[in-house]
Amino acid sequence: MNTTVARLTVRGLLGRRRGLLLLVVPALLLIISVIAANTDGDKHDLTVKILGQLSLGTLVPILGLVVGTGAIATEIDDGSIVYLLSKPLPRRLIITTKLAVAVAVTWVFAAVPTFVAGLILYGTKDDLALAFTVGTLVSGAAYSALFLLLGVVTRHAVVAGLAYALLWESLIGNFVKGARTLSVQQWGLSVAEAVAGEGAITADVALGVAVPLLVVVTVAATVFASVKLAGLTLAAED
């Protein structure tokens, strides 16, 4: 971690416009949870659907996209990244610091509301609130790394990230069973299943597959982003 890089990243992520956007989706999740908690439906099914689809399936990838790309893509687009690249800092340190900030912000705006929503909907029964919170933590870290990488490799990071989140994660990943093995959302759901009470959550990807893939994707995206940023430095110096 580098404190200067971290401070600049936090300032950029929590600016007025992006800060408001980060609050909108968590607020919607909590509002929907309060409404659902006061209905007569099956509370277990409601909790699994809301936390699985709205939180893990929508809130986390959207926040991961906003935060992950916002941590570096904006600086590259407006040229302010040159300030950091001119400092005697290892490029991997810039990436790991920005990723740490992105992950922390994603956790605050996704994992905390998910836990609160779970308590509102179902209390502490079957550890559902805790399970989906843990699933949100691990998937949020993977999403942050993936979208941070997109912010480095393309100037159209938001468009590419939306295409990935909407087409692959939400559409193909939910309806094509074979594709779920390569879905961050499904990996997070697998971790949530392991934490929850027996039979409380059903996941299609085995935990022994989900955890290694989460680690590999997060680490690989971080390493590749560091390599690409180093290449951007060379291009700038030329």
# chains A, B, ... in the order shown; residues from 1 in each chain; ligands from 1

call {"tool": "residues_around", "arguments": {"residues": "segment 84-89 of chain A", "least_positions_apart": "3", "cutoff": "12 Å", "atoms": "only C-alpha atoms", "output": "ChimeraX atom specification"}}
result
/A:1-6,8-9,72,75-76,79-81,92-98,226,229-237

call {"tool": "residues_around", "arguments": {"residues": "Phe224 of chain A", "least_positions_apart": "3", "cutoff": "12 Å", "atoms": "only C-alpha atoms", "output": "number ranges by chain"}}
result
A: 91-92, 95-96, 145-153, 216-221, 227-231

call {"tool": "residues_around", "arguments": {"residues": "Thr58 of chain A", "least_positions_apart": "5", "cutoff": "9 Å", "atoms": "only C-alpha atoms", "output": "list of chain:residue names"}}
result
A:Val25, A:Gly52, A:Gln53, A:Leu63, A:Ala165, A:Leu166, A:Ser170

call {"tool": "residues_around", "arguments": {"residues": "segment 111-118 of chain A", "least_positions_apart": "2", "cutoff": "6 Å", "atoms": "only C-alpha atoms", "output": "PyMOL selection string"}}
result
chain A and resi 26+30+33+107-108+120-122+129+133+136

call {"tool": "select_by_dssp", "arguments": {"residues": "segment 118-234 of chain A", "states": "alpha helix (DSSP H)", "output": "NGL selection string"}}
result
:A and (118-122 or 128-153 or 157-163 or 173-175 or 184-195 or 207-234)

call {"tool": "write_last_selection", "arguments": {"atoms": "C-alpha atoms", "output": "compact mmCIF listing (two decimals), in the first residue's frame"}}
result
# COMPACT_ATOMS: atom_id res chain seq x y z
CA GLY A 118 -30.29 -10.27 5.41
CA LEU A 119 -31.00 -9.39 9.03
CA ILE A 120 -34.08 -7.42 8.01
CA LEU A 121 -35.40 -10.26 5.87
CA TYR A 122 -34.52 -13.36 7.89
CA LEU A 128 -28.22 -16.63 5.54
CA ALA A 129 -27.25 -13.02 6.22
CA LEU A 130 -23.68 -14.03 7.08
CA ALA A 131 -23.44 -16.46 4.16
CA PHE A 132 -24.44 -13.97 1.49
CA THR A 133 -22.20 -11.36 3.10
CA VAL A 134 -19.20 -13.68 2.80
CA GLY A 135 -20.20 -14.48 -0.78
CA THR A 136 -20.36 -10.76 -1.45
CA LEU A 137 -16.89 -10.23 0.03
CA VAL A 138 -15.16 -12.83 -2.14
CA SER A 139 -17.02 -12.00 -5.35
CA GLY A 140 -16.56 -8.27 -4.73
CA ALA A 141 -12.80 -8.72 -4.58
CA ALA A 142 -12.79 -10.70 -7.84
CA TYR A 143 -15.03 -8.18 -9.62
CA SER A 144 -12.86 -5.30 -8.44
CA ALA A 145 -9.73 -6.95 -9.83
CA LEU A 146 -11.39 -7.80 -13.15
CA PHE A 147 -12.82 -4.32 -13.69
CA LEU A 148 -9.60 -2.64 -12.56
CA LEU A 149 -7.86 -4.65 -15.28
CA LEU A 150 -10.43 -3.47 -17.82
CA GLY A 151 -9.72 0.10 -16.74
CA VAL A 152 -6.07 -0.40 -17.67
CA VAL A 153 -6.42 -2.31 -20.93
CA ALA A 157 -13.86 -0.13 -19.66
CA VAL A 158 -17.39 0.75 -18.51
CA VAL A 159 -18.98 -0.46 -21.74
CA ALA A 160 -16.93 -3.67 -21.70
CA GLY A 161 -17.70 -4.20 -18.03
CA LEU A 162 -21.42 -3.68 -18.54
CA ALA A 163 -21.40 -6.13 -21.43
CA GLY A 173 -24.48 -17.34 -16.35
CA ASN A 174 -28.00 -17.61 -14.97
CA PHE A 175 -29.65 -19.53 -17.79
CA VAL A 184 -18.01 -14.88 -10.49
CA GLN A 185 -21.56 -14.62 -9.19
CA GLN A 186 -21.85 -18.41 -9.04
CA TRP A 187 -18.49 -18.71 -7.30
CA GLY A 188 -19.68 -16.29 -4.63
CA LEU A 189 -22.91 -18.29 -4.31
CA SER A 190 -20.89 -21.47 -3.80
CA VAL A 191 -18.97 -19.85 -0.94
CA ALA A 192 -22.26 -18.62 0.53
CA GLU A 193 -23.65 -22.16 0.39
CA ALA A 194 -20.68 -23.42 2.39
CA VAL A 195 -21.24 -20.82 5.12
CA LEU A 207 -16.68 -25.14 -3.51
CA GLY A 208 -13.48 -26.93 -4.51
CA VAL A 209 -13.82 -25.36 -7.95
CA ALA A 210 -15.14 -21.94 -6.93
CA VAL A 211 -12.44 -21.00 -4.40
CA PRO A 212 -9.41 -21.75 -6.63
CA LEU A 213 -11.06 -19.91 -9.53
CA LEU A 214 -11.74 -16.87 -7.34
CA VAL A 215 -8.10 -16.80 -6.26
CA VAL A 216 -6.72 -17.40 -9.77
CA VAL A 217 -8.90 -14.74 -11.41
CA THR A 218 -8.16 -12.12 -8.74
CA VAL A 219 -4.42 -12.72 -8.77
CA ALA A 220 -4.15 -13.05 -12.55
CA ALA A 221 -6.13 -9.86 -13.16
CA THR A 222 -3.92 -7.98 -10.69
CA VAL A 223 -0.69 -9.24 -12.25
CA PHE A 224 -1.84 -8.55 -15.80
CA ALA A 225 -2.98 -5.04 -14.83
CA SER A 226 0.47 -4.38 -13.35
CA VAL A 227 2.15 -5.57 -16.56
CA LYS A 228 -0.12 -3.44 -18.75
CA LEU A 229 0.46 -0.38 -16.57
CA ALA A 230 4.19 -0.87 -16.92
CA GLY A 231 3.73 -0.91 -20.68
CA LEU A 232 1.74 2.31 -20.45
CA THR A 233 4.69 3.87 -18.61
CA LEU A 234 7.07 2.94 -21.41

call {"tool": "atom_distance", "arguments": {"atom1": "atom CA of Ala104 of chain A", "atom2": "atom CA of Asp127 of chain A"}}
result
23.0 Å

call {"tool": "closest_residue", "arguments": {"among": "A:Val205, A:Ala110, A:Thr39, A:Glu169", "to": "Val60 of chain A", "atoms": "only C-alpha atoms"}}
result
A:Ala110

call {"tool": "atom_distance", "arguments": {"atom1": "atom CA of Ala37 of chain A", "atom2": "atom CA of Ile201 of chain A"}}
result
18.7 Å

call {"tool": "closest_residue", "arguments": {"among": "A:Leu22, A:Val101, A:Val48, A:Leu13", "to": "Ala203 of chain A", "atoms": "only C-alpha atoms"}}
result
A:Val48

call {"tool": "atom_distance", "arguments": {"atom1": "atom CA of Ala73 of chain A", "atom2": "atom CA of Leu54 of chain A"}}
result
26.2 Å

call {"tool": "closest_residue", "arguments": {"among": "A:Gly15, A:Ala196, A:Ala71, A:Asp204", "to": "Lys177 of chain A", "atoms": "only C-alpha atoms"}}
result
A:Asp204

call {"tool": "residues_around", "arguments": {"residues": "Leu14 of chain A", "least_positions_apart": "4", "cutoff": "12 Å", "atoms": "only C-alpha atoms", "output": "PDB file with C-alpha atoms, in the first residue's frame"}}
result
ATOM      1  CA  ARG A   7      -5.667   8.895  -0.768  1.00  0.00           C
ATOM      2  CA  LEU A   8      -5.938  10.010  -4.390  1.00  0.00           C
ATOM      3  CA  THR A   9      -7.939   6.898  -5.279  1.00  0.00           C
ATOM      4  CA  VAL A  10     -10.388   7.345  -2.407  1.00  0.00           C
ATOM      5  CA  ARG A  18     -19.770   8.652  -8.087  1.00  0.00           C
ATOM      6  CA  GLY A  19     -20.453   8.809  -4.348  1.00  0.00           C
ATOM      7  CA  LEU A  20     -24.162   9.321  -4.997  1.00  0.00           C
ATOM      8  CA  LEU A  21     -24.191   6.449  -7.470  1.00  0.00           C
ATOM      9  CA  LEU A  22     -22.554   4.185  -4.914  1.00  0.00           C
ATOM     10  CA  LEU A  23     -25.390   4.917  -2.483  1.00  0.00           C
ATOM     11  CA  VAL A  66     -18.169   1.527 -10.913  1.00  0.00           C
ATOM     12  CA  VAL A  67     -15.401   1.235  -8.329  1.00  0.00           C
ATOM     13  CA  GLY A  70     -13.199   4.345 -11.488  1.00  0.00           C
ATOM     14  CA  ALA A  71     -10.081   3.521  -9.500  1.00  0.00           C
ATOM     15  CA  VAL A 101      -9.018   0.685  -2.075  1.00  0.00           C
ATOM     16  CA  ALA A 102     -11.472  -0.584  -4.700  1.00  0.00           C
ATOM     17  CA  VAL A 105     -15.059   0.523  -1.053  1.00  0.00           C
ATOM     18  CA  THR A 106     -16.937  -2.343  -2.726  1.00  0.00           C
ATOM     19  CA  PHE A 109     -21.162  -0.373  -0.157  1.00  0.00           C
TER      20      PHE A 109
END
